[in-house]
Amino acid sequence: MNEFYQKDIISIKDYTKEQLEKIFTSTDKIMQLSSSQRQEICKGKTLGYLFYEPSTRTRLSFDSAIASIGGNSLGISNISSSSTQKGESLADTVKMMSIYSDILVLRHTLDGSSRFASEISDKPVINAGSGTEEHPTQAIQDLFTIKKEKKQIDGLKIGIVGDLKYGRTVYSLLHGLGNYDVDVRLISPESLRIRSDSTYEIKKNLDFTESTELEDHIDELDVLYVTRIQKERFPDEEEYLKVKGSYVVGLDMLKKMKDDSIILHPLPRIDEISTDVDKTKNAKYFQQAEYGKHTRAALLGLILNENGF
Ligand code: NCD
C-alpha cells in the first residue's frame, strides 16, 4: 500500500525528507504522463473545498489539479453564501462535505482548524492554510520549485523576506527546509520578525540568521523568497502602514543578485516585486504557481489510490 493513501495533510512537520522526495518523484511522473493517462488517476473522484478565507491560486490550483487527473470538485469558496451565515458550525459543515466528497480541502482563519476538521471528517483533509500557522501544500510546491529550478536543495543560500510574523507559507517552508542542508537568511522589519514561539522548534533542524537589511545578503543568495505584508492580519492599520512597502525587489536589486539566482513568491503579490522583474529569467513565481498544480495533482493521486499511480 502507498504510505500516503487516505492520509491527511495537516502540517509539513509530519513529512520526512524521504517522503518529500517521493512526492517530488510522483510529481515528475505526473508531468511526464500524457493527458489521457493522467485522466485515469482519479477518475470519478470528488474533491470538496471549504474556503473561509479568500483564495485565488490555491483553490484554482486544487480545482485544476483534480480536473487534470480525471476527478471533479465542488465546494464553498465564499463563506457569505453558505449556511455558516445561518450559524452552522465548522464541525457540521465539515461532516456535510465529507458526505459529498472523497477528499476535503480546508482554508480557515483559525490556527488548528485543519487538525480539528480531520478529527471530524471520515475523509482525508488537506490543510490549504490555517490561520497564520501553516500552509503545507504551498511548502511542498515551493520545495519542488527550488529543486526543479536549482537541481538540488542542499547547499543553497536562501533568503526569505517580508512578513515573517504573519505569513504562514514561511512557517511551512522553514519546517520543510529543516530536512535539507541549507543556509537561510530571514529578512524582515523588526516588528515582523518570525514569531519567537516558533523559532525554538524551527532551530532544532535549521540554521538561520535574522536581519532587517536585504542589501546585506542579496549578492550571496541562490533563492530569494519574497512574501507580501499580510495587511488583513494586523490588529491595527497604523502598524501596517509603518511597514507597508518595506522591501521592493526591482531591476536595481536584481542587478546585485547572482546571475543564476531565482526569485519566488507564493503570490498574491502586492508591491513587493515590481512587474518589470517578471520578464527576467530569474523570476520563477509564475512557474512556481504552475508547479503547484502538478504537486497537488500528485498528492491527490497518492492519497486517493491505494497503490499510488
Ligand atoms: C498565501 C496564503 O494564502 O497564505 N497564498 C497562497 O496560498 N498562495 C500567501 C498570501 O496570502 O500572502
# chains A, B, ... in the order shown; residues from 1 in each chain; ligands from 1

$ residues_around --residues "region 207-218 of chain A" --least-positions-apart "4" --cutoff "6 Å" --atoms "only C-alpha atoms" --output "PDB file with all heavy atoms, in the first residue's frame"
ATOM      1  N   VAL A 184      19.939  29.695   5.614  1.00  0.00           N
ATOM      2  CA  VAL A 184      18.731  30.530   5.470  1.00  0.00           C
ATOM      3  C   VAL A 184      18.932  31.895   6.135  1.00  0.00           C
ATOM      4  O   VAL A 184      19.401  31.983   7.271  1.00  0.00           O
ATOM      5  CB  VAL A 184      17.498  29.797   6.064  1.00  0.00           C
ATOM      6  CG1 VAL A 184      16.288  30.714   6.102  1.00  0.00           C
ATOM      7  CG2 VAL A 184      17.189  28.545   5.251  1.00  0.00           C
ATOM      8  N   ARG A 185      18.583  32.945   5.408  1.00  0.00           N
ATOM      9  CA  ARG A 185      18.649  34.313   5.947  1.00  0.00           C
ATOM     10  C   ARG A 185      17.222  34.858   6.001  1.00  0.00           C
ATOM     11  O   ARG A 185      16.566  34.971   4.953  1.00  0.00           O
ATOM     12  CB  ARG A 185      19.462  35.225   5.017  1.00  0.00           C
ATOM     13  CG  ARG A 185      20.672  34.577   4.347  1.00  0.00           C
ATOM     14  CD  ARG A 185      21.854  34.511   5.292  1.00  0.00           C
ATOM     15  NE  ARG A 185      22.963  33.771   4.698  1.00  0.00           N
ATOM     16  CZ  ARG A 185      23.918  34.319   3.949  1.00  0.00           C
ATOM     17  NH1 ARG A 185      23.875  35.591   3.641  1.00  0.00           N
ATOM     18  NH2 ARG A 185      24.920  33.566   3.499  1.00  0.00           N
ATOM     19  N   LEU A 186      16.777  35.194   7.177  1.00  0.00           N
ATOM     20  CA  LEU A 186      15.432  35.776   7.322  1.00  0.00           C
ATOM     21  C   LEU A 186      15.570  37.296   7.372  1.00  0.00           C
ATOM     22  O   LEU A 186      16.356  37.828   8.161  1.00  0.00           O
ATOM     23  CB  LEU A 186      14.770  35.267   8.596  1.00  0.00           C
ATOM     24  CG  LEU A 186      14.582  33.752   8.698  1.00  0.00           C
ATOM     25  CD1 LEU A 186      13.832  33.401   9.987  1.00  0.00           C
ATOM     26  CD2 LEU A 186      13.812  33.210   7.499  1.00  0.00           C
ATOM     27  N   ILE A 187      14.806  37.962   6.543  1.00  0.00           N
ATOM     28  CA  ILE A 187      14.925  39.420   6.439  1.00  0.00           C
ATOM     29  C   ILE A 187      13.529  40.035   6.562  1.00  0.00           C
ATOM     30  O   ILE A 187      12.633  39.738   5.756  1.00  0.00           O
ATOM     31  CB  ILE A 187      15.564  39.799   5.082  1.00  0.00           C
ATOM     32  CG1 ILE A 187      16.943  39.130   4.940  1.00  0.00           C
ATOM     33  CG2 ILE A 187      15.673  41.320   4.947  1.00  0.00           C
ATOM     34  CD1 ILE A 187      17.225  38.581   3.587  1.00  0.00           C
ATOM     35  N   SER A 188      13.356  40.864   7.580  1.00  0.00           N
ATOM     36  CA  SER A 188      12.025  41.460   7.801  1.00  0.00           C
ATOM     37  C   SER A 188      12.173  42.739   8.600  1.00  0.00           C
ATOM     38  O   SER A 188      13.198  42.953   9.253  1.00  0.00           O
ATOM     39  CB  SER A 188      11.156  40.477   8.603  1.00  0.00           C
ATOM     40  OG  SER A 188      11.640  40.401   9.934  1.00  0.00           O
ATOM     41  N   PRO A 189      11.120  43.581   8.593  1.00  0.00           N
ATOM     42  CA  PRO A 189      11.122  44.696   9.545  1.00  0.00           C
ATOM     43  C   PRO A 189      11.153  44.116  10.960  1.00  0.00           C
ATOM     44  O   PRO A 189      10.670  42.991  11.182  1.00  0.00           O
ATOM     45  CB  PRO A 189       9.774  45.396   9.291  1.00  0.00           C
ATOM     46  CG  PRO A 189       9.284  44.873   7.988  1.00  0.00           C
ATOM     47  CD  PRO A 189       9.898  43.535   7.784  1.00  0.00           C
ATOM     48  N   MET A 257      22.077  40.624  -7.727  1.00  0.00           N
ATOM     49  CA  MET A 257      21.934  39.194  -7.427  1.00  0.00           C
ATOM     50  C   MET A 257      22.804  38.352  -8.348  1.00  0.00           C
ATOM     51  O   MET A 257      23.189  38.783  -9.426  1.00  0.00           O
ATOM     52  CB  MET A 257      20.464  38.774  -7.560  1.00  0.00           C
ATOM     53  CG  MET A 257      19.579  39.452  -6.541  1.00  0.00           C
ATOM     54  SD  MET A 257      17.858  38.905  -6.641  1.00  0.00           S
ATOM     55  CE  MET A 257      17.961  37.260  -5.958  1.00  0.00           C
TER      56      MET A 257
END

$ select_by_dssp --residues "region 80-269 of chain A" --states "strand (DSSP E)" --output "mmCIF file with all heavy atoms, in the first residue's frame"
data_model
loop_
_atom_site.group_PDB
_atom_site.id
_atom_site.type_symbol
_atom_site.label_atom_id
_atom_site.label_comp_id
_atom_site.auth_asym_id
_atom_site.auth_seq_id
_atom_site.Cartn_x
_atom_site.Cartn_y
_atom_site.Cartn_z
ATOM 1 N N ILE A 103 -12.356 13.674 -0.713
ATOM 2 C CA ILE A 103 -11.259 14.343 -0.004
ATOM 3 C C ILE A 103 -11.659 15.805 0.210
ATOM 4 O O ILE A 103 -12.356 16.390 -0.624
ATOM 5 C CB ILE A 103 -9.938 14.206 -0.789
ATOM 6 C CG1 ILE A 103 -8.759 14.778 -0.010
ATOM 7 C CG2 ILE A 103 -10.020 14.862 -2.184
ATOM 8 C CD1 ILE A 103 -7.407 14.267 -0.503
ATOM 9 N N LEU A 104 -11.252 16.364 1.349
ATOM 10 C CA LEU A 104 -11.651 17.737 1.691
ATOM 11 C C LEU A 104 -10.455 18.677 1.707
ATOM 12 O O LEU A 104 -9.395 18.300 2.224
ATOM 13 C CB LEU A 104 -12.192 17.739 3.120
ATOM 14 C CG LEU A 104 -13.668 17.918 3.301
ATOM 15 C CD1 LEU A 104 -14.358 16.595 3.036
ATOM 16 C CD2 LEU A 104 -13.937 18.376 4.714
ATOM 17 N N VAL A 105 -10.634 19.879 1.207
ATOM 18 C CA VAL A 105 -9.583 20.896 1.252
ATOM 19 C C VAL A 105 -10.134 22.079 2.036
ATOM 20 O O VAL A 105 -11.191 22.612 1.691
ATOM 21 C CB VAL A 105 -9.182 21.332 -0.177
ATOM 22 C CG1 VAL A 105 -8.152 22.447 -0.128
ATOM 23 C CG2 VAL A 105 -8.645 20.144 -0.964
ATOM 24 N N LEU A 106 -9.437 22.443 3.103
ATOM 25 C CA LEU A 106 -9.962 23.481 4.001
ATOM 26 C C LEU A 106 -9.000 24.652 4.151
ATOM 27 O O LEU A 106 -7.810 24.470 4.379
ATOM 28 C CB LEU A 106 -10.207 22.873 5.397
ATOM 29 C CG LEU A 106 -10.684 23.830 6.488
ATOM 30 C CD1 LEU A 106 -12.133 24.276 6.255
ATOM 31 C CD2 LEU A 106 -10.579 23.185 7.875
ATOM 32 N N ARG A 107 -9.528 25.857 4.016
ATOM 33 C CA ARG A 107 -8.779 27.063 4.396
ATOM 34 C C ARG A 107 -9.612 27.796 5.433
ATOM 35 O O ARG A 107 -10.818 28.023 5.229
ATOM 36 C CB ARG A 107 -8.531 27.966 3.194
ATOM 37 C CG ARG A 107 -7.999 29.330 3.602
ATOM 38 C CD ARG A 107 -7.529 30.149 2.452
ATOM 39 N NE ARG A 107 -6.295 29.594 1.893
ATOM 40 C CZ ARG A 107 -5.518 30.231 1.035
ATOM 41 N NH1 ARG A 107 -5.839 31.437 0.634
ATOM 42 N NH2 ARG A 107 -4.425 29.677 0.571
ATOM 43 N N HIS A 108 -8.985 28.151 6.524
ATOM 44 C CA HIS A 108 -9.738 28.764 7.620
ATOM 45 C C HIS A 108 -8.859 29.769 8.355
ATOM 46 O O HIS A 108 -7.643 29.632 8.382
ATOM 47 C CB HIS A 108 -10.208 27.651 8.578
ATOM 48 C CG HIS A 108 -11.333 28.039 9.472
ATOM 49 N ND1 HIS A 108 -11.153 28.791 10.603
ATOM 50 C CD2 HIS A 108 -12.667 27.795 9.390
ATOM 51 C CE1 HIS A 108 -12.326 28.982 11.185
ATOM 52 N NE2 HIS A 108 -13.266 28.393 10.474
ATOM 53 N N VAL A 125 -8.299 15.070 4.951
ATOM 54 C CA VAL A 125 -8.389 16.536 4.926
ATOM 55 C C VAL A 125 -7.028 17.117 4.519
ATOM 56 O O VAL A 125 -5.985 16.693 5.019
ATOM 57 C CB VAL A 125 -8.782 17.082 6.323
ATOM 58 C CG1 VAL A 125 -8.662 18.604 6.373
ATOM 59 C CG2 VAL A 125 -10.201 16.651 6.686
ATOM 60 N N ILE A 126 -7.063 18.082 3.614
ATOM 61 C CA ILE A 126 -5.847 18.811 3.246
ATOM 62 C C ILE A 126 -5.957 20.228 3.776
ATOM 63 O O ILE A 126 -6.941 20.931 3.514
ATOM 64 C CB ILE A 126 -5.645 18.850 1.712
ATOM 65 C CG1 ILE A 126 -5.485 17.427 1.167
ATOM 66 C CG2 ILE A 126 -4.422 19.705 1.357
ATOM 67 C CD1 ILE A 126 -5.241 17.373 -0.342
ATOM 68 N N ASN A 127 -4.944 20.640 4.515
ATOM 69 C CA ASN A 127 -4.876 21.994 5.041
ATOM 70 C C ASN A 127 -4.399 22.942 3.928
ATOM 71 O O ASN A 127 -3.259 22.874 3.489
ATOM 72 C CB ASN A 127 -3.890 22.000 6.219
ATOM 73 C CG ASN A 127 -3.665 23.380 6.797
ATOM 74 O OD1 ASN A 127 -4.282 24.354 6.366
ATOM 75 N ND2 ASN A 127 -2.765 23.462 7.773
ATOM 76 N N ALA A 128 -5.279 23.840 3.497
ATOM 77 C CA ALA A 128 -4.911 24.802 2.445
ATOM 78 C C ALA A 128 -4.671 26.183 3.044
ATOM 79 O O ALA A 128 -4.858 27.205 2.395
ATOM 80 C CB ALA A 128 -6.007 24.856 1.392
ATOM 81 N N GLY A 129 -4.260 26.193 4.315
ATOM 82 C CA GLY A 129 -3.987 27.452 5.001
ATOM 83 C C GLY A 129 -4.804 27.522 6.279
ATOM 84 O O GLY A 129 -6.028 27.620 6.216
ATOM 85 N N SER A 130 -4.106 27.435 7.418
ATOM 86 C CA SER A 130 -4.811 27.509 8.703
ATOM 87 C C SER A 130 -4.257 28.709 9.456
ATOM 88 O O SER A 130 -3.139 28.675 9.967
ATOM 89 C CB SER A 130 -4.589 26.215 9.501
ATOM 90 O OG SER A 130 -3.222 25.843 9.490
ATOM 91 N N LYS A 157 21.894 28.911 -0.570
ATOM 92 C CA LYS A 157 21.683 30.064 0.328
ATOM 93 C C LYS A 157 20.315 30.653 -0.024
ATOM 94 O O LYS A 157 20.084 31.071 -1.166
ATOM 95 C CB LYS A 157 22.767 31.119 0.107
ATOM 96 C CG LYS A 157 24.146 30.679 0.590
ATOM 97 C CD LYS A 157 25.096 31.865 0.593
ATOM 98 C CE LYS A 157 26.419 31.550 1.272
ATOM 99 N NZ LYS A 157 27.165 30.449 0.635
ATOM 100 N N ILE A 158 19.438 30.674 0.964
ATOM 101 C CA ILE A 158 18.045 31.052 0.696
ATOM 102 C C ILE A 158 17.660 32.247 1.566
ATOM 103 O O ILE A 158 17.759 32.185 2.803
ATOM 104 C CB ILE A 158 17.108 29.850 0.975
ATOM 105 C CG1 ILE A 158 17.532 28.653 0.093
ATOM 106 C CG2 ILE A 158 15.641 30.225 0.744
ATOM 107 C CD1 ILE A 158 16.765 27.377 0.332
ATOM 108 N N GLY A 159 17.249 33.326 0.938
ATOM 109 C CA GLY A 159 16.777 34.496 1.671
ATOM 110 C C GLY A 159 15.253 34.509 1.665
ATOM 111 O O GLY A 159 14.638 34.279 0.622
ATOM 112 N N ILE A 160 14.657 34.747 2.818
ATOM 113 C CA ILE A 160 13.191 34.835 2.898
ATOM 114 C C ILE A 160 12.876 36.221 3.447
ATOM 115 O O ILE A 160 13.327 36.584 4.540
ATOM 116 C CB ILE A 160 12.606 33.722 3.793
ATOM 117 C CG1 ILE A 160 13.086 32.339 3.288
ATOM 118 C CG2 ILE A 160 11.078 33.792 3.827
ATOM 119 C CD1 ILE A 160 12.556 31.160 4.085
ATOM 120 N N VAL A 161 12.139 36.995 2.661
ATOM 121 C CA VAL A 161 11.979 38.405 3.003
ATOM 122 C C VAL A 161 10.503 38.808 3.070
ATOM 123 O O VAL A 161 9.683 38.293 2.313
ATOM 124 C CB VAL A 161 12.748 39.290 1.983
ATOM 125 C CG1 VAL A 161 12.211 39.161 0.585
ATOM 126 C CG2 VAL A 161 12.761 40.756 2.395
ATOM 127 N N ASP A 183 21.456 27.246 3.994
ATOM 128 C CA ASP A 183 21.841 28.429 4.769
ATOM 129 C C ASP A 183 20.714 29.455 4.563
ATOM 130 O O ASP A 183 20.522 29.957 3.466
ATOM 131 C CB ASP A 183 23.185 28.904 4.186
ATOM 132 C CG ASP A 183 23.627 30.263 4.694
ATOM 133 O OD1 ASP A 183 22.834 30.939 5.362
ATOM 134 O OD2 ASP A 183 24.776 30.642 4.383
ATOM 135 N N VAL A 184 19.939 29.695 5.614
ATOM 136 C CA VAL A 184 18.731 30.530 5.470
ATOM 137 C C VAL A 184 18.932 31.895 6.135
ATOM 138 O O VAL A 184 19.401 31.983 7.271
ATOM 139 C CB VAL A 184 17.498 29.797 6.064
ATOM 140 C CG1 VAL A 184 16.288 30.714 6.102
ATOM 141 C CG2 VAL A 184 17.189 28.545 5.251
ATOM 142 N N ARG A 185 18.583 32.945 5.408
ATOM 143 C CA ARG A 185 18.649 34.313 5.947
ATOM 144 C C ARG A 185 17.222 34.858 6.001
ATOM 145 O O ARG A 185 16.566 34.971 4.953
ATOM 146 C CB ARG A 185 19.462 35.225 5.017
ATOM 147 C CG ARG A 185 20.672 34.577 4.347
ATOM 148 C CD ARG A 185 21.854 34.511 5.292
ATOM 149 N NE ARG A 185 22.963 33.771 4.698
ATOM 150 C CZ ARG A 185 23.918 34.319 3.949
ATOM 151 N NH1 ARG A 185 23.875 35.591 3.641
ATOM 152 N NH2 ARG A 185 24.920 33.566 3.499
ATOM 153 N N LEU A 186 16.777 35.194 7.177
ATOM 154 C CA LEU A 186 15.432 35.776 7.322
ATOM 155 C C LEU A 186 15.570 37.296 7.372
ATOM 156 O O LEU A 186 16.356 37.828 8.161
ATOM 157 C CB LEU A 186 14.770 35.267 8.596
ATOM 158 C CG LEU A 186 14.582 33.752 8.698
ATOM 159 C CD1 LEU A 186 13.832 33.401 9.987
ATOM 160 C CD2 LEU A 186 13.812 33.210 7.499
ATOM 161 N N ILE A 187 14.806 37.962 6.543
ATOM 162 C CA ILE A 187 14.925 39.420 6.439
ATOM 163 C C ILE A 187 13.529 40.035 6.562
ATOM 164 O O ILE A 187 12.633 39.738 5.756
ATOM 165 C CB ILE A 187 15.564 39.799 5.082
ATOM 166 C CG1 ILE A 187 16.943 39.130 4.940
ATOM 167 C CG2 ILE A 187 15.673 41.320 4.947
ATOM 168 C CD1 ILE A 187 17.225 38.581 3.587
ATOM 169 N N PHE A 208 19.403 29.541 10.846
ATOM 170 C CA PHE A 208 19.054 30.751 10.109
ATOM 171 C C PHE A 208 19.553 31.975 10.837
ATOM 172 O O PHE A 208 19.782 31.953 12.047
ATOM 173 C CB PHE A 208 17.543 30.841 9.850
ATOM 174 C CG PHE A 208 16.686 30.905 11.087
ATOM 175 C CD1 PHE A 208 16.488 32.093 11.769
ATOM 176 C CD2 PHE A 208 16.045 29.758 11.556
ATOM 177 C CE1 PHE A 208 15.694 32.148 12.904
ATOM 178 C CE2 PHE A 208 15.250 29.809 12.699
ATOM 179 C CZ PHE A 208 15.066 30.997 13.373
ATOM 180 N N THR A 209 19.770 33.055 10.067
ATOM 181 C CA THR A 209 20.125 34.335 10.676
ATOM 182 C C THR A 209 18.929 35.268 10.472
ATOM 183 O O THR A 209 18.099 35.037 9.581
ATOM 184 C CB THR A 209 21.354 34.955 9.996
ATOM 185 O OG1 THR A 209 21.046 35.154 8.606
ATOM 186 C CG2 THR A 209 22.573 34.057 10.132
ATOM 187 N N GLU A 210 18.847 36.311 11.268
ATOM 188 C CA GLU A 210 17.759 37.285 11.120
ATOM 189 C C GLU A 210 18.340 38.673 10.941
ATOM 190 O O GLU A 210 19.308 39.028 11.632
ATOM 191 C CB GLU A 210 16.879 37.298 12.371
ATOM 192 C CG GLU A 210 16.056 36.053 12.551
ATOM 193 C CD GLU A 210 15.155 36.168 13.772
ATOM 194 O OE1 GLU A 210 14.055 36.736 13.659
ATOM 195 O OE2 GLU A 210 15.570 35.711 14.846
ATOM 196 N N SER A 211 17.782 39.433 10.020
ATOM 197 C CA SER A 211 18.224 40.818 9.877
ATOM 198 C C SER A 211 17.123 41.661 9.246
ATOM 199 O O SER A 211 16.087 41.135 8.818
ATOM 200 C CB SER A 211 19.515 40.895 9.061
ATOM 201 O OG SER A 211 19.228 41.012 7.694
ATOM 202 N N VAL A 223 18.445 31.700 -3.817
ATOM 203 C CA VAL A 223 16.981 31.786 -3.887
ATOM 204 C C VAL A 223 16.530 32.967 -3.031
ATOM 205 O O VAL A 223 16.943 33.085 -1.881
ATOM 206 C CB VAL A 223 16.318 30.491 -3.318
ATOM 207 C CG1 VAL A 223 14.796 30.593 -3.372
ATOM 208 C CG2 VAL A 223 16.805 29.241 -4.042
ATOM 209 N N LEU A 224 15.697 33.814 -3.605
ATOM 210 C CA LEU A 224 15.074 34.888 -2.821
ATOM 211 C C LEU A 224 13.574 34.626 -2.810
ATOM 212 O O LEU A 224 12.922 34.626 -3.858
ATOM 213 C CB LEU A 224 15.375 36.256 -3.442
ATOM 214 C CG LEU A 224 14.684 37.447 -2.756
ATOM 215 C CD1 LEU A 224 15.142 37.598 -1.307
ATOM 216 C CD2 LEU A 224 14.939 38.745 -3.522
ATOM 217 N N TYR A 225 13.044 34.341 -1.622
ATOM 218 C CA TYR A 225 11.614 34.038 -1.460
ATOM 219 C C TYR A 225 10.952 35.277 -0.852
ATOM 220 O O TYR A 225 11.222 35.651 0.284
ATOM 221 C CB TYR A 225 11.476 32.823 -0.537
ATOM 222 C CG TYR A 225 10.075 32.260 -0.395
ATOM 223 C CD1 TYR A 225 9.639 31.208 -1.194
ATOM 224 C CD2 TYR A 225 9.191 32.743 0.575
ATOM 225 C CE1 TYR A 225 8.370 30.658 -1.048
ATOM 226 C CE2 TYR A 225 7.913 32.203 0.718
ATOM 227 C CZ TYR A 225 7.514 31.156 -0.091
ATOM 228 O OH TYR A 225 6.249 30.609 0.057
ATOM 229 N N VAL A 226 10.128 35.929 -1.655
ATOM 230 C CA VAL A 226 9.530 37.203 -1.245
ATOM 231 C C VAL A 226 8.092 36.954 -0.784
ATOM 232 O O VAL A 226 7.368 36.174 -1.402
ATOM 233 C CB VAL A 226 9.525 38.191 -2.439
ATOM 234 C CG1 VAL A 226 9.029 39.568 -2.011
ATOM 235 C CG2 VAL A 226 10.910 38.303 -3.068
ATOM 236 N N ILE A 262 17.251 32.638 -8.278
ATOM 237 C CA ILE A 262 15.823 32.643 -8.645
ATOM 238 C C ILE A 262 15.010 33.416 -7.597
ATOM 239 O O ILE A 262 15.359 33.454 -6.417
ATOM 240 C CB ILE A 262 15.247 31.215 -8.823
ATOM 241 C CG1 ILE A 262 15.399 30.371 -7.548
ATOM 242 C CG2 ILE A 262 15.901 30.517 -10.009
ATOM 243 C CD1 ILE A 262 14.610 29.062 -7.584
ATOM 244 N N ILE A 263 13.941 34.023 -8.078
ATOM 245 C CA ILE A 263 13.043 34.776 -7.192
ATOM 246 C C ILE A 263 11.705 34.039 -7.142
ATOM 247 O O ILE A 263 11.106 33.749 -8.184
ATOM 248 C CB ILE A 263 12.828 36.215 -7.703
ATOM 249 C CG1 ILE A 263 14.185 36.925 -7.825
ATOM 250 C CG2 ILE A 263 11.894 36.989 -6.783
ATOM 251 C CD1 ILE A 263 14.106 38.299 -8.456
ATOM 252 N N LEU A 264 11.274 33.730 -5.924
ATOM 253 C CA LEU A 264 9.995 33.040 -5.730
ATOM 254 C C LEU A 264 9.060 33.924 -4.905
ATOM 255 O O LEU A 264 9.493 34.834 -4.192
ATOM 256 C CB LEU A 264 10.216 31.709 -4.997
ATOM 257 C CG LEU A 264 11.202 30.721 -5.619
ATOM 258 C CD1 LEU A 264 11.253 29.421 -4.804
ATOM 259 C CD2 LEU A 264 10.795 30.392 -7.050
#

$ residues_around --residues "Ser77 (chain A)" --least-positions-apart "5" --cutoff "10 Å" --atoms "only C-alpha atoms" --output "PyMOL selection string"
chain A and resi 49-56+59+82+106-107

$ write_last_selection --atoms "C-alpha atoms" --output "PDB file, in the first residue's frame"
ATOM      1  CA  TYR A  49     -13.350  22.503  -0.733  1.00  0.00           C
ATOM      2  CA  LEU A  50     -14.292  24.837   2.068  1.00  0.00           C
ATOM      3  CA  PHE A  51     -12.643  28.252   1.938  1.00  0.00           C
ATOM      4  CA  TYR A  52     -13.339  30.510   4.887  1.00  0.00           C
ATOM      5  CA  GLU A  53     -10.704  32.990   3.671  1.00  0.00           C
ATOM      6  CA  PRO A  54     -10.200  34.482   0.226  1.00  0.00           C
ATOM      7  CA  SER A  55      -8.085  32.494  -2.196  1.00  0.00           C
ATOM      8  CA  THR A  56      -7.435  32.555  -5.909  1.00  0.00           C
ATOM      9  CA  ARG A  59      -8.416  26.944  -4.767  1.00  0.00           C
ATOM     10  CA  SER A  82     -23.146  29.334   2.813  1.00  0.00           C
ATOM     11  CA  LEU A 106      -9.962  23.481   4.001  1.00  0.00           C
ATOM     12  CA  ARG A 107      -8.779  27.063   4.396  1.00  0.00           C
TER      13      ARG A 107
END

$ closest_residue --among "A:Ser98, A:Asn2, A:Ser61, A:Thr25" --to "Thr46 (chain A)" --atoms "only C-alpha atoms"
A:Ser98

$ closest_residue --among "A:Ser89, A:Asn305, A:Thr295, A:Ser83" --to "Asp142 (chain A)" --atoms "only C-alpha atoms"
A:Thr295

$ closest_atom_pairs --of "chain A" --to "ligand 1" --cutoff "6 Å" --atoms "only C-alpha atoms and all ligand atoms" --output "Markdown table"
| residue | atom | partner | partner_atom_place_in_ligand_line | distance |
| --- | --- | --- | --- | --- |
| A:Arg57 | CA | ligand 1 | 8 (N) | 5.7 |
| A:Thr58 | CA | ligand 1 | 7 (O) | 5.0 |
| A:Gly129 | CA | ligand 1 | 4 (O) | 5.9 |
| A:Arg168 | CA | ligand 1 | 4 (O) | 5.4 |
| A:Thr169 | CA | ligand 1 | 4 (O) | 5.4 |
| A:Arg228 | CA | ligand 1 | 12 (O) | 5.3 |
| A:Pro266 | CA | ligand 1 | 8 (N) | 4.4 |
| A:Leu267 | CA | ligand 1 | 8 (N) | 4.9 |
| A:Pro268 | CA | ligand 1 | 12 (O) | 5.7 |

$ decode --residues "region 24-66 of chain A" --atoms "C-alpha atoms" --output "tab-separated table (two decimals), in the first residue's frame"
chain	number	residue	atom	x	y	z
A	24	PHE	CA	8.62	15.12	-5.92
A	25	THR	CA	9.23	11.89	-7.87
A	26	SER	CA	5.48	11.37	-8.23
A	27	THR	CA	5.13	14.99	-9.40
A	28	ASP	CA	7.81	14.44	-12.05
A	29	LYS	CA	5.94	11.33	-13.13
A	30	ILE	CA	2.62	13.15	-13.43
A	31	MET	CA	4.27	15.89	-15.50
A	32	GLN	CA	5.53	13.27	-17.94
A	33	LEU	CA	2.24	11.43	-18.43
A	34	SER	CA	0.05	12.18	-21.41
A	35	SER	CA	-3.20	13.93	-20.55
A	36	SER	CA	-5.23	10.79	-21.30
A	37	GLN	CA	-3.01	8.76	-18.93
A	38	ARG	CA	-3.39	11.43	-16.26
A	39	GLN	CA	-7.16	11.35	-16.60
A	40	GLU	CA	-7.21	7.78	-15.28
A	41	ILE	CA	-5.56	8.61	-11.94
A	42	CYS	CA	-8.58	9.98	-10.07
A	43	LYS	CA	-11.38	9.19	-12.47
A	44	GLY	CA	-14.74	9.86	-10.85
A	45	LYS	CA	-13.28	11.13	-7.57
A	46	THR	CA	-14.65	14.31	-5.98
A	47	LEU	CA	-12.67	16.95	-4.14
A	48	GLY	CA	-14.69	19.14	-1.77
A	49	TYR	CA	-13.35	22.50	-0.73
A	50	LEU	CA	-14.29	24.84	2.07
A	51	PHE	CA	-12.64	28.25	1.94
A	52	TYR	CA	-13.34	30.51	4.89
A	53	GLU	CA	-10.70	32.99	3.67
A	54	PRO	CA	-10.20	34.48	0.23
A	55	SER	CA	-8.09	32.49	-2.20
A	56	THR	CA	-7.44	32.55	-5.91
A	57	ARG	CA	-4.43	30.40	-6.63
A	58	THR	CA	-4.79	27.73	-4.01
A	59	ARG	CA	-8.42	26.94	-4.77
A	60	LEU	CA	-7.99	27.14	-8.53
A	61	SER	CA	-4.87	25.02	-8.38
A	62	PHE	CA	-6.76	22.32	-6.48
A	63	ASP	CA	-9.63	22.62	-8.98
A	64	SER	CA	-7.33	22.31	-11.96
A	65	ALA	CA	-5.22	19.60	-10.27
A	66	ILE	CA	-8.19	17.29	-9.66
